[in-house]
Amino acid sequence: LGGAVAFGSSSNTQRAFDEPERPEQVAYVAETGEGDSDIWIKNLRDSLPPVKLVDSDFCDTDPCFSRDGKKLYFSSDRDDGNFDIYCEDLSIFSKNPNEPKIKKLTEGPGDFRFPSLPPDEKKLAFNWGRGMVQYICVMNVDGTGLKRVTEKGMNVRPFWLNDEEIIFGSNVGRSEREFDIVAGRIDGIGGIRRITDGIGNNTYLSLSPERERIAFASDRGNLDEKDRRKRKYGIFVKDLVSGELIDLTKGIGNNRSPCFSRDGKDVYFVNDYGLCSVSADGKGEVKEIIKGEIYSPACAP
């Protein structure tokens with residue numbers, strides 16, 4: 001696999017995964033060196049240090065958990081310099097942390113990123129490509145039966161609304177670096193419907209546990225047309241049923257990569273200072289959870 005895999009202490013690992021009440025836990029990516037990032041998990045309800053789930057000398061990122069928390073899907077460039085999707089069996093941690101099980105699921109040119117599971121967990125959705133050409137693809141969880149869903153443009157970060165329909169970011173119909181959130185069936189029937197309204201760049205999508213709301217980052221309201229680098233991103237939640245849009249960060253900070261808490265009541269996200277949380281209903285203040293350069297948070301089930 002191109003790099004040794006190591007984990008936290010067995011006592012911390014067992015606490016992270018085997019507690020009867022399954023505490024609120026968030027996985028995230030943190031850089032440990034140039035070209036090296038690892039995946040960690042933190043129990044938000046105790047003072048223990050985070051546990052490292054994936055460790056190599058390469059870039060390990062994009063964590064996605066199975067519903068029972070026993071499998072972790074992620075992306076890594078550990079094999080050939082391109083990103084591929086891997087599956088790690090977390091259920092063996094408490095039995096023998098020195099014998100991790102990691103299986104490579106994809107193979108081929110280009111990068112395979114952002115794996116996502118549907119409710120029945122029989123397939124994976126992800127984006128595949130290189131540069132500004134990225135396709136949404138699906139395949140069986142064992143790596144077989146790969147199928148391309150989109151045909152043009154840059155399409156990224158898919159999530160499953162149900163077992164047959166996905167939601168993702170796309171620049172189709174926008175300028176090259178401006179995205180909207182769109183949805184469509186994996187069989188292509190009915191075409192693509194637009195979820196966001198074409199205002200600003202709408203990206204870093206996440207889906208709520210009940211699959212009725214999305215959280216995303218957008219620079220709407222801060223559209224510096226002369227220099228896109230000066231734009232700041234806020235975190236928004238949109239109800240897919242009512243269409244209600246809530247600004248969670250209210251113009252404060254430069255924010256990205258939201259994800260819902262396990263119960264859907266809060267949204268975690270990262271800014272220039274670390275990992276934060278805020279109530280998903282837009283009430284209450286932003287709370288800082290972990291300081292440091294953190295990427296791609298994902299709530300453990």
# chains A, B, ... in the order shown; residues from 1 in each chain; ligands from 1

$ residues_around --residues "Val149 in chain A" --least-positions-apart "2" --cutoff "8 Å" --atoms "only C-alpha atoms" --output "number ranges by chain"
A: 135-138, 147, 151, 186-188

$ write_last_selection --atoms "C-alpha atoms" --output "CSV table (one decimal), in the first residue's frame"
chain,number,residue,atom,x,y,z
A,135,TYR,CA,-17.3,12.7,-13.4
A,136,ILE,CA,-19.7,11.4,-10.8
A,137,CYS,CA,-19.4,7.6,-10.7
A,138,VAL,CA,-21.0,4.7,-8.8
A,147,LYS,CA,-20.4,3.2,-13.9
A,151,GLU,CA,-20.9,13.2,-18.9
A,186,ILE,CA,-28.0,7.5,-11.1
A,187,ASP,CA,-29.8,6.0,-14.1
A,188,GLY,CA,-30.1,9.5,-15.7

$ residues_around --residues "range 238-248 of chain A" --least-positions-apart "2" --cutoff "6 Å" --atoms "only C-alpha atoms" --output "ChimeraX atom specification"
/A:212-214,235-236,250,282

$ write_last_selection --atoms "N, CA, C and O atoms" --output "PDB file, in the first residue's frame"
ATOM      1  N   GLU A 212     -32.892  15.359   4.339  1.00  0.00           N
ATOM      2  CA  GLU A 212     -33.864  16.367   3.930  1.00  0.00           C
ATOM      3  C   GLU A 212     -33.290  17.777   3.931  1.00  0.00           C
ATOM      4  O   GLU A 212     -33.970  18.722   3.546  1.00  0.00           O
ATOM      5  N   ARG A 213     -32.029  17.937   4.373  1.00  0.00           N
ATOM      6  CA  ARG A 213     -31.375  19.236   4.380  1.00  0.00           C
ATOM      7  C   ARG A 213     -29.948  19.081   3.849  1.00  0.00           C
ATOM      8  O   ARG A 213     -29.345  18.015   3.983  1.00  0.00           O
ATOM      9  N   ILE A 214     -29.434  20.143   3.276  1.00  0.00           N
ATOM     10  CA  ILE A 214     -28.025  20.172   2.899  1.00  0.00           C
ATOM     11  C   ILE A 214     -27.345  21.331   3.626  1.00  0.00           C
ATOM     12  O   ILE A 214     -27.960  22.351   3.936  1.00  0.00           O
ATOM     13  N   ILE A 235     -21.332  29.437   5.872  1.00  0.00           N
ATOM     14  CA  ILE A 235     -21.969  28.128   5.909  1.00  0.00           C
ATOM     15  C   ILE A 235     -23.487  28.320   5.922  1.00  0.00           C
ATOM     16  O   ILE A 235     -24.017  29.071   6.745  1.00  0.00           O
ATOM     17  N   PHE A 236     -24.166  27.640   5.016  1.00  0.00           N
ATOM     18  CA  PHE A 236     -25.612  27.750   4.869  1.00  0.00           C
ATOM     19  C   PHE A 236     -26.244  26.366   4.979  1.00  0.00           C
ATOM     20  O   PHE A 236     -25.623  25.353   4.639  1.00  0.00           O
ATOM     21  N   LYS A 250     -23.315  33.935   9.298  1.00  0.00           N
ATOM     22  CA  LYS A 250     -23.711  35.353   9.254  1.00  0.00           C
ATOM     23  C   LYS A 250     -22.565  36.290   8.875  1.00  0.00           C
ATOM     24  O   LYS A 250     -22.366  37.343   9.486  1.00  0.00           O
ATOM     25  N   GLY A 282     -29.558  27.869  12.977  1.00  0.00           N
ATOM     26  CA  GLY A 282     -29.100  29.247  12.855  1.00  0.00           C
ATOM     27  C   GLY A 282     -29.105  30.025  14.140  1.00  0.00           C
ATOM     28  O   GLY A 282     -28.741  31.207  14.162  1.00  0.00           O
TER      29      GLY A 282
END

$ residues_around --residues "Val141 in chain A" --least-positions-apart "4" --cutoff "10 Å" --atoms "only C-alpha atoms" --output "JSON, numbers by chain"
{"A": [73, 87, 105, 117, 121, 122, 123, 124, 125, 145, 146]}

$ closest_residue --among "A:Ala215, A:Val26, A:Leu72, A:Ile181" --to "Pro50 in chain A" --atoms "only C-alpha atoms"
A:Val26

$ residues_around --residues "Glu165 in chain A" --least-positions-apart "3" --cutoff "8 Å" --atoms "only C-alpha atoms" --output "PDB file with C-alpha atoms, in the first residue's frame"
ATOM      1  CA  TRP A 160     -27.092   9.882  -1.691  1.00  0.00           C
ATOM      2  CA  LEU A 161     -30.606  11.224  -1.209  1.00  0.00           C
ATOM      3  CA  ASN A 162     -31.830   7.621  -1.413  1.00  0.00           C
ATOM      4  CA  ALA A 183     -29.466  16.378  -7.920  1.00  0.00           C
ATOM      5  CA  GLY A 184     -30.367  13.526 -10.221  1.00  0.00           C
ATOM      6  CA  ARG A 185     -30.936   9.787 -10.492  1.00  0.00           C
ATOM      7  CA  ILE A 186     -27.970   7.495 -11.091  1.00  0.00           C
TER       8      ILE A 186
END

$ residues_around --residues "Tyr295 in chain A" --least-positions-apart "4" --cutoff "10 Å" --atoms "only C-alpha atoms" --output "VMD selection string"
chain A and resid 27 to 31 37 39 61 to 62 256 to 258 269 to 271 274 to 275

$ write_last_selection --atoms "all heavy atoms" --output "compact mmCIF listing (two decimals), in the first residue's frame"
# COMPACT_ATOMS: atom_id res chain seq x y z
N ALA A 27 -14.53 12.69 12.70
CA ALA A 27 -13.27 12.40 12.03
C ALA A 27 -12.86 13.63 11.23
O ALA A 27 -13.71 14.41 10.78
CB ALA A 27 -13.42 11.19 11.11
N TYR A 28 -11.57 13.80 11.04
CA TYR A 28 -11.08 14.93 10.27
C TYR A 28 -9.70 14.61 9.72
O TYR A 28 -9.06 13.63 10.12
CB TYR A 28 -11.04 16.20 11.12
CG TYR A 28 -10.15 16.12 12.34
CD1 TYR A 28 -8.79 16.46 12.26
CD2 TYR A 28 -10.65 15.68 13.55
CE1 TYR A 28 -7.98 16.37 13.38
CE2 TYR A 28 -9.84 15.59 14.67
CZ TYR A 28 -8.51 15.94 14.57
OH TYR A 28 -7.70 15.85 15.68
N VAL A 29 -9.25 15.44 8.81
CA VAL A 29 -7.94 15.27 8.18
C VAL A 29 -7.03 16.39 8.65
O VAL A 29 -7.44 17.55 8.72
CB VAL A 29 -8.08 15.31 6.64
CG1 VAL A 29 -6.72 15.21 5.97
CG2 VAL A 29 -9.00 14.20 6.17
N ALA A 30 -5.80 16.04 8.99
CA ALA A 30 -4.81 17.02 9.40
C ALA A 30 -3.48 16.70 8.75
O ALA A 30 -3.09 15.53 8.65
CB ALA A 30 -4.66 17.05 10.93
N GLU A 31 -2.79 17.73 8.31
CA GLU A 31 -1.48 17.54 7.69
C GLU A 31 -0.43 17.28 8.76
O GLU A 31 -0.43 17.90 9.82
CB GLU A 31 -1.09 18.77 6.88
CG GLU A 31 -1.96 18.99 5.65
CD GLU A 31 -1.50 20.19 4.84
OE1 GLU A 31 -0.54 20.86 5.25
OE2 GLU A 31 -2.11 20.45 3.77
N SER A 37 -0.95 13.77 4.91
CA SER A 37 -2.07 14.09 5.79
C SER A 37 -2.69 12.79 6.27
O SER A 37 -2.70 11.78 5.55
CB SER A 37 -3.12 14.94 5.08
OG SER A 37 -3.67 14.26 3.98
N ILE A 39 -5.87 10.77 8.87
CA ILE A 39 -7.26 10.86 9.32
C ILE A 39 -7.32 10.55 10.82
O ILE A 39 -6.81 9.51 11.26
CB ILE A 39 -8.16 9.90 8.53
CG1 ILE A 39 -8.12 10.26 7.05
CG2 ILE A 39 -9.59 9.97 9.05
CD1 ILE A 39 -8.88 9.29 6.15
N THR A 61 -7.32 11.11 3.00
CA THR A 61 -8.32 12.15 3.15
C THR A 61 -9.72 11.62 2.82
O THR A 61 -9.90 10.43 2.56
CB THR A 61 -7.97 13.35 2.25
OG1 THR A 61 -8.85 14.43 2.50
CG2 THR A 61 -7.98 12.98 0.78
N ASP A 62 -10.72 12.49 2.89
CA ASP A 62 -12.11 12.20 2.50
C ASP A 62 -12.75 11.07 3.29
O ASP A 62 -13.27 10.10 2.71
CB ASP A 62 -12.19 11.87 1.00
CG ASP A 62 -11.50 12.88 0.10
OD1 ASP A 62 -11.40 14.04 0.51
OD2 ASP A 62 -11.07 12.49 -1.00
N ARG A 256 -15.68 26.61 5.54
CA ARG A 256 -15.80 25.60 4.49
C ARG A 256 -16.05 24.23 5.13
O ARG A 256 -16.02 24.07 6.34
CB ARG A 256 -14.53 25.57 3.63
CG ARG A 256 -13.26 25.37 4.44
CD ARG A 256 -12.01 25.79 3.68
NE ARG A 256 -10.81 25.60 4.48
CZ ARG A 256 -10.35 26.49 5.37
NH1 ARG A 256 -11.01 27.62 5.57
NH2 ARG A 256 -9.25 26.25 6.05
N SER A 257 -16.28 23.25 4.28
CA SER A 257 -16.38 21.83 4.66
C SER A 257 -17.35 21.56 5.81
O SER A 257 -16.96 21.00 6.84
CB SER A 257 -14.98 21.29 5.01
OG SER A 257 -14.11 21.40 3.92
N PRO A 258 -18.63 21.89 5.67
CA PRO A 258 -19.58 21.58 6.75
C PRO A 258 -19.95 20.10 6.77
O PRO A 258 -19.89 19.40 5.74
CB PRO A 258 -20.79 22.44 6.40
CG PRO A 258 -20.75 22.51 4.89
CD PRO A 258 -19.29 22.58 4.54
N PHE A 269 -17.83 22.51 10.99
CA PHE A 269 -17.17 23.04 9.80
C PHE A 269 -15.79 23.53 10.19
O PHE A 269 -15.44 23.59 11.37
CB PHE A 269 -17.99 24.19 9.18
CG PHE A 269 -18.16 25.38 10.09
CD1 PHE A 269 -17.31 26.48 10.01
CD2 PHE A 269 -19.18 25.41 11.03
CE1 PHE A 269 -17.46 27.57 10.86
CE2 PHE A 269 -19.34 26.50 11.88
CZ PHE A 269 -18.47 27.58 11.79
N VAL A 270 -14.99 23.84 9.20
CA VAL A 270 -13.64 24.34 9.47
C VAL A 270 -13.50 25.76 8.96
O VAL A 270 -14.16 26.17 8.00
CB VAL A 270 -12.56 23.44 8.85
CG1 VAL A 270 -12.59 22.06 9.46
CG2 VAL A 270 -12.70 23.34 7.33
N ASN A 271 -12.65 26.51 9.64
CA ASN A 271 -12.27 27.85 9.17
C ASN A 271 -10.75 27.97 9.26
O ASN A 271 -10.05 26.97 9.36
CB ASN A 271 -13.00 28.94 9.96
CG ASN A 271 -12.72 28.88 11.45
OD1 ASN A 271 -11.71 28.34 11.90
ND2 ASN A 271 -13.63 29.45 12.24
N GLY A 274 -9.50 26.35 12.81
CA GLY A 274 -9.71 24.99 13.27
C GLY A 274 -11.11 24.48 13.01
O GLY A 274 -11.82 24.98 12.12
N LEU A 275 -11.54 23.49 13.81
CA LEU A 275 -12.85 22.89 13.68
C LEU A 275 -13.83 23.60 14.60
O LEU A 275 -13.55 23.82 15.78
CB LEU A 275 -12.78 21.41 14.05
CG LEU A 275 -14.08 20.61 14.01
CD1 LEU A 275 -14.57 20.46 12.57
CD2 LEU A 275 -13.91 19.24 14.66

$ closest_residue --among "A:Gly264, A:Gly190, A:Gly251, A:Pro119" --to "Ser206 in chain A" --atoms "only C-alpha atoms"
A:Gly264

$ atom_distance --atom1 "CA of Arg67 in chain A" --atom2 "CA of Val237 in chain A"
22.7 Å

$ residues_around --residues "Gly198 in chain A" --least-positions-apart "5" --cutoff "12 Å" --atoms "only C-alpha atoms" --output "PyMOL selection string"
chain A and resi 169-175+178-182+203+218-220

$ atom_distance --atom1 "CA of Asp36 in chain A" --atom2 "CA of Asp57 in chain A"
5.5 Å

$ select_by_dssp --residues "range 262-299 of chain A" --states "strand (DSSP E)" --output "list in words"
Asp266, Val267, Tyr268, Phe269, Val270, Gly274, Leu275, Cys276, Ser277, Val278, Ser279, Lys287, Glu288, Ile289, Ile290, Lys291, Ile294, Tyr295, Ser296, Pro297, Ala298 and Cys299 of chain A

$ write_last_selection --atoms "N, CA and C atoms" --output "tab-separated table (two decimals), in the first residue's frame"
chain	number	residue	atom	x	y	z
A	266	ASP	N	-26.66	20.01	14.90
A	266	ASP	CA	-25.53	20.93	14.78
A	266	ASP	C	-24.81	20.70	13.46
A	267	VAL	N	-24.02	21.68	13.07
A	267	VAL	CA	-23.17	21.56	11.89
A	267	VAL	C	-21.74	21.84	12.30
A	268	TYR	N	-20.85	20.91	11.97
A	268	TYR	CA	-19.42	21.13	12.16
A	268	TYR	C	-18.85	21.68	10.86
A	269	PHE	N	-17.83	22.51	10.99
A	269	PHE	CA	-17.17	23.04	9.80
A	269	PHE	C	-15.79	23.53	10.19
A	270	VAL	N	-14.99	23.84	9.20
A	270	VAL	CA	-13.64	24.34	9.47
A	270	VAL	C	-13.50	25.76	8.96
A	274	GLY	N	-9.50	26.35	12.81
A	274	GLY	CA	-9.71	24.99	13.27
A	274	GLY	C	-11.11	24.48	13.01
A	275	LEU	N	-11.54	23.49	13.81
A	275	LEU	CA	-12.85	22.89	13.68
A	275	LEU	C	-13.83	23.60	14.60
A	276	CYS	N	-15.00	23.95	14.06
A	276	CYS	CA	-16.02	24.68	14.82
A	276	CYS	C	-17.36	23.98	14.70
A	277	SER	N	-18.32	24.42	15.53
A	277	SER	CA	-19.68	23.92	15.43
A	277	SER	C	-20.66	25.07	15.62
A	278	VAL	N	-21.87	24.89	15.08
A	278	VAL	CA	-22.93	25.87	15.24
A	278	VAL	C	-24.25	25.14	15.11
A	279	SER	N	-25.29	25.64	15.76
A	279	SER	CA	-26.60	25.02	15.68
A	279	SER	C	-27.12	25.07	14.25
A	287	LYS	N	-18.98	27.84	17.97
A	287	LYS	CA	-18.09	27.34	19.02
A	287	LYS	C	-16.85	26.72	18.40
A	288	GLU	N	-15.70	27.04	18.96
A	288	GLU	CA	-14.46	26.44	18.49
A	288	GLU	C	-14.22	25.12	19.21
A	289	ILE	N	-13.91	24.04	18.47
A	289	ILE	CA	-13.75	22.71	19.05
A	289	ILE	C	-12.29	22.28	19.09
A	290	ILE	N	-11.62	22.34	17.95
A	290	ILE	CA	-10.22	21.93	17.86
A	290	ILE	C	-9.46	22.98	17.07
A	291	LYS	N	-8.33	23.42	17.59
A	291	LYS	CA	-7.50	24.38	16.88
A	291	LYS	C	-6.54	23.66	15.93
A	294	ILE	N	-7.29	21.96	9.79
A	294	ILE	CA	-8.12	20.76	9.75
A	294	ILE	C	-8.95	20.79	8.47
A	295	TYR	N	-9.15	19.59	7.88
A	295	TYR	CA	-9.88	19.49	6.64
A	295	TYR	C	-10.90	18.35	6.73
A	296	SER	N	-11.90	18.42	5.85
A	296	SER	CA	-12.83	17.31	5.58
A	296	SER	C	-13.39	16.63	6.82
A	297	PRO	N	-14.07	17.36	7.72
A	297	PRO	CA	-14.68	16.69	8.86
A	297	PRO	C	-15.83	15.78	8.42
A	298	ALA	N	-16.01	14.69	9.16
A	298	ALA	CA	-17.09	13.74	8.90
A	298	ALA	C	-17.55	13.18	10.22
A	299	CYS	N	-18.84	13.24	10.50
A	299	CYS	CA	-19.36	12.75	11.77
A	299	CYS	C	-19.45	11.24	11.74

$ atom_distance --atom1 "CA of Gln134 in chain A" --atom2 "CA of Asp111 in chain A"
8.8 Å

$ decode --residues "range 204-239 of chain A" --atoms "N, CA and C atoms" --output "PDB file, in the first residue's frame"
ATOM      1  N   TYR A 204     -18.609  22.474  -1.244  1.00  0.00           N
ATOM      2  CA  TYR A 204     -18.418  21.757   0.028  1.00  0.00           C
ATOM      3  C   TYR A 204     -19.739  21.252   0.592  1.00  0.00           C
ATOM      4  N   LEU A 205     -20.439  20.497  -0.210  1.00  0.00           N
ATOM      5  CA  LEU A 205     -21.761  19.987   0.149  1.00  0.00           C
ATOM      6  C   LEU A 205     -21.702  18.942   1.259  1.00  0.00           C
ATOM      7  N   SER A 206     -22.736  18.914   2.114  1.00  0.00           N
ATOM      8  CA  SER A 206     -22.949  17.838   3.075  1.00  0.00           C
ATOM      9  C   SER A 206     -24.449  17.609   3.193  1.00  0.00           C
ATOM     10  N   LEU A 207     -24.840  16.380   3.547  1.00  0.00           N
ATOM     11  CA  LEU A 207     -26.253  16.008   3.651  1.00  0.00           C
ATOM     12  C   LEU A 207     -26.580  15.643   5.087  1.00  0.00           C
ATOM     13  N   SER A 208     -27.771  16.057   5.540  1.00  0.00           N
ATOM     14  CA  SER A 208     -28.187  15.774   6.913  1.00  0.00           C
ATOM     15  C   SER A 208     -28.521  14.301   7.090  1.00  0.00           C
ATOM     16  N   PRO A 209     -28.547  13.799   8.334  1.00  0.00           N
ATOM     17  CA  PRO A 209     -28.830  12.376   8.573  1.00  0.00           C
ATOM     18  C   PRO A 209     -30.187  11.917   8.040  1.00  0.00           C
ATOM     19  N   GLU A 210     -31.203  12.780   8.106  1.00  0.00           N
ATOM     20  CA  GLU A 210     -32.523  12.388   7.608  1.00  0.00           C
ATOM     21  C   GLU A 210     -32.655  12.638   6.106  1.00  0.00           C
ATOM     22  N   ARG A 211     -31.595  13.172   5.477  1.00  0.00           N
ATOM     23  CA  ARG A 211     -31.494  13.385   4.033  1.00  0.00           C
ATOM     24  C   ARG A 211     -32.542  14.368   3.522  1.00  0.00           C
ATOM     25  N   GLU A 212     -32.892  15.359   4.339  1.00  0.00           N
ATOM     26  CA  GLU A 212     -33.864  16.367   3.930  1.00  0.00           C
ATOM     27  C   GLU A 212     -33.290  17.777   3.931  1.00  0.00           C
ATOM     28  N   ARG A 213     -32.029  17.937   4.373  1.00  0.00           N
ATOM     29  CA  ARG A 213     -31.375  19.236   4.380  1.00  0.00           C
ATOM     30  C   ARG A 213     -29.948  19.081   3.849  1.00  0.00           C
ATOM     31  N   ILE A 214     -29.434  20.143   3.276  1.00  0.00           N
ATOM     32  CA  ILE A 214     -28.025  20.172   2.899  1.00  0.00           C
ATOM     33  C   ILE A 214     -27.345  21.331   3.626  1.00  0.00           C
ATOM     34  N   ALA A 215     -26.079  21.146   3.921  1.00  0.00           N
ATOM     35  CA  ALA A 215     -25.216  22.230   4.373  1.00  0.00           C
ATOM     36  C   ALA A 215     -24.173  22.433   3.293  1.00  0.00           C
ATOM     37  N   PHE A 216     -23.793  23.677   3.065  1.00  0.00           N
ATOM     38  CA  PHE A 216     -22.795  23.949   2.045  1.00  0.00           C
ATOM     39  C   PHE A 216     -22.120  25.287   2.339  1.00  0.00           C
ATOM     40  N   ALA A 217     -20.978  25.494   1.708  1.00  0.00           N
ATOM     41  CA  ALA A 217     -20.269  26.766   1.812  1.00  0.00           C
ATOM     42  C   ALA A 217     -20.578  27.603   0.576  1.00  0.00           C
ATOM     43  N   SER A 218     -20.777  28.893   0.775  1.00  0.00           N
ATOM     44  CA  SER A 218     -21.090  29.776  -0.348  1.00  0.00           C
ATOM     45  C   SER A 218     -20.512  31.158  -0.092  1.00  0.00           C
ATOM     46  N   ASP A 219     -20.074  31.806  -1.178  1.00  0.00           N
ATOM     47  CA  ASP A 219     -19.591  33.182  -1.061  1.00  0.00           C
ATOM     48  C   ASP A 219     -20.663  34.187  -1.463  1.00  0.00           C
ATOM     49  N   ARG A 220     -21.915  33.754  -1.534  1.00  0.00           N
ATOM     50  CA  ARG A 220     -23.029  34.666  -1.822  1.00  0.00           C
ATOM     51  C   ARG A 220     -23.037  35.797  -0.790  1.00  0.00           C
ATOM     52  N   GLY A 221     -23.293  36.991  -1.230  1.00  0.00           N
ATOM     53  CA  GLY A 221     -23.257  38.139  -0.330  1.00  0.00           C
ATOM     54  C   GLY A 221     -21.866  38.713  -0.160  1.00  0.00           C
ATOM     55  N   ASN A 222     -20.892  38.078  -0.767  1.00  0.00           N
ATOM     56  CA  ASN A 222     -19.507  38.567  -0.663  1.00  0.00           C
ATOM     57  C   ASN A 222     -18.829  38.395  -2.017  1.00  0.00           C
ATOM     58  N   LEU A 223     -19.487  38.870  -3.061  1.00  0.00           N
ATOM     59  CA  LEU A 223     -19.040  38.630  -4.423  1.00  0.00           C
ATOM     60  C   LEU A 223     -18.119  39.748  -4.903  1.00  0.00           C
ATOM     61  N   ASP A 224     -16.844  39.613  -4.630  1.00  0.00           N
ATOM     62  CA  ASP A 224     -15.842  40.537  -5.142  1.00  0.00           C
ATOM     63  C   ASP A 224     -15.528  40.124  -6.577  1.00  0.00           C
ATOM     64  N   GLU A 225     -16.106  40.826  -7.545  1.00  0.00           N
ATOM     65  CA  GLU A 225     -15.970  40.437  -8.940  1.00  0.00           C
ATOM     66  C   GLU A 225     -14.568  40.692  -9.486  1.00  0.00           C
ATOM     67  N   LYS A 226     -13.798  41.583  -8.848  1.00  0.00           N
ATOM     68  CA  LYS A 226     -12.457  41.888  -9.336  1.00  0.00           C
ATOM     69  C   LYS A 226     -11.434  40.849  -8.910  1.00  0.00           C
ATOM     70  N   ASP A 227     -11.627  40.261  -7.748  1.00  0.00           N
ATOM     71  CA  ASP A 227     -10.645  39.314  -7.233  1.00  0.00           C
ATOM     72  C   ASP A 227     -11.364  38.239  -6.433  1.00  0.00           C
ATOM     73  N   ARG A 228     -11.525  37.064  -7.027  1.00  0.00           N
ATOM     74  CA  ARG A 228     -12.226  35.977  -6.351  1.00  0.00           C
ATOM     75  C   ARG A 228     -11.514  35.540  -5.087  1.00  0.00           C
ATOM     76  N   ARG A 229     -10.197  35.765  -5.009  1.00  0.00           N
ATOM     77  CA  ARG A 229      -9.434  35.350  -3.837  1.00  0.00           C
ATOM     78  C   ARG A 229      -9.829  36.132  -2.590  1.00  0.00           C
ATOM     79  N   LYS A 230     -10.478  37.273  -2.761  1.00  0.00           N
ATOM     80  CA  LYS A 230     -10.886  38.082  -1.624  1.00  0.00           C
ATOM     81  C   LYS A 230     -12.256  37.677  -1.079  1.00  0.00           C
ATOM     82  N   ARG A 231     -12.921  36.779  -1.761  1.00  0.00           N
ATOM     83  CA  ARG A 231     -14.233  36.351  -1.294  1.00  0.00           C
ATOM     84  C   ARG A 231     -14.108  35.498  -0.033  1.00  0.00           C
ATOM     85  N   LYS A 232     -15.045  35.664   0.869  1.00  0.00           N
ATOM     86  CA  LYS A 232     -15.117  34.823   2.058  1.00  0.00           C
ATOM     87  C   LYS A 232     -16.375  33.964   1.982  1.00  0.00           C
ATOM     88  N   TYR A 233     -16.256  32.765   2.543  1.00  0.00           N
ATOM     89  CA  TYR A 233     -17.341  31.796   2.451  1.00  0.00           C
ATOM     90  C   TYR A 233     -18.072  31.666   3.782  1.00  0.00           C
ATOM     91  N   GLY A 234     -19.398  31.623   3.696  1.00  0.00           N
ATOM     92  CA  GLY A 234     -20.230  31.340   4.852  1.00  0.00           C
ATOM     93  C   GLY A 234     -20.795  29.930   4.751  1.00  0.00           C
ATOM     94  N   ILE A 235     -21.332  29.437   5.872  1.00  0.00           N
ATOM     95  CA  ILE A 235     -21.969  28.128   5.909  1.00  0.00           C
ATOM     96  C   ILE A 235     -23.487  28.320   5.922  1.00  0.00           C
ATOM     97  N   PHE A 236     -24.166  27.640   5.016  1.00  0.00           N
ATOM     98  CA  PHE A 236     -25.612  27.750   4.869  1.00  0.00           C
ATOM     99  C   PHE A 236     -26.244  26.366   4.979  1.00  0.00           C
ATOM    100  N   VAL A 237     -27.487  26.335   5.440  1.00  0.00           N
ATOM    101  CA  VAL A 237     -28.296  25.123   5.440  1.00  0.00           C
ATOM    102  C   VAL A 237     -29.551  25.392   4.626  1.00  0.00           C
ATOM    103  N   LYS A 238     -29.872  24.464   3.718  1.00  0.00           N
ATOM    104  CA  LYS A 238     -31.102  24.598   2.930  1.00  0.00           C
ATOM    105  C   LYS A 238     -31.976  23.376   3.154  1.00  0.00           C
ATOM    106  N   ASP A 239     -33.251  23.624   3.422  1.00  0.00           N
ATOM    107  CA  ASP A 239     -34.238  22.562   3.566  1.00  0.00           C
ATOM    108  C   ASP A 239     -34.691  22.142   2.170  1.00  0.00           C
TER     109      ASP A 239
END
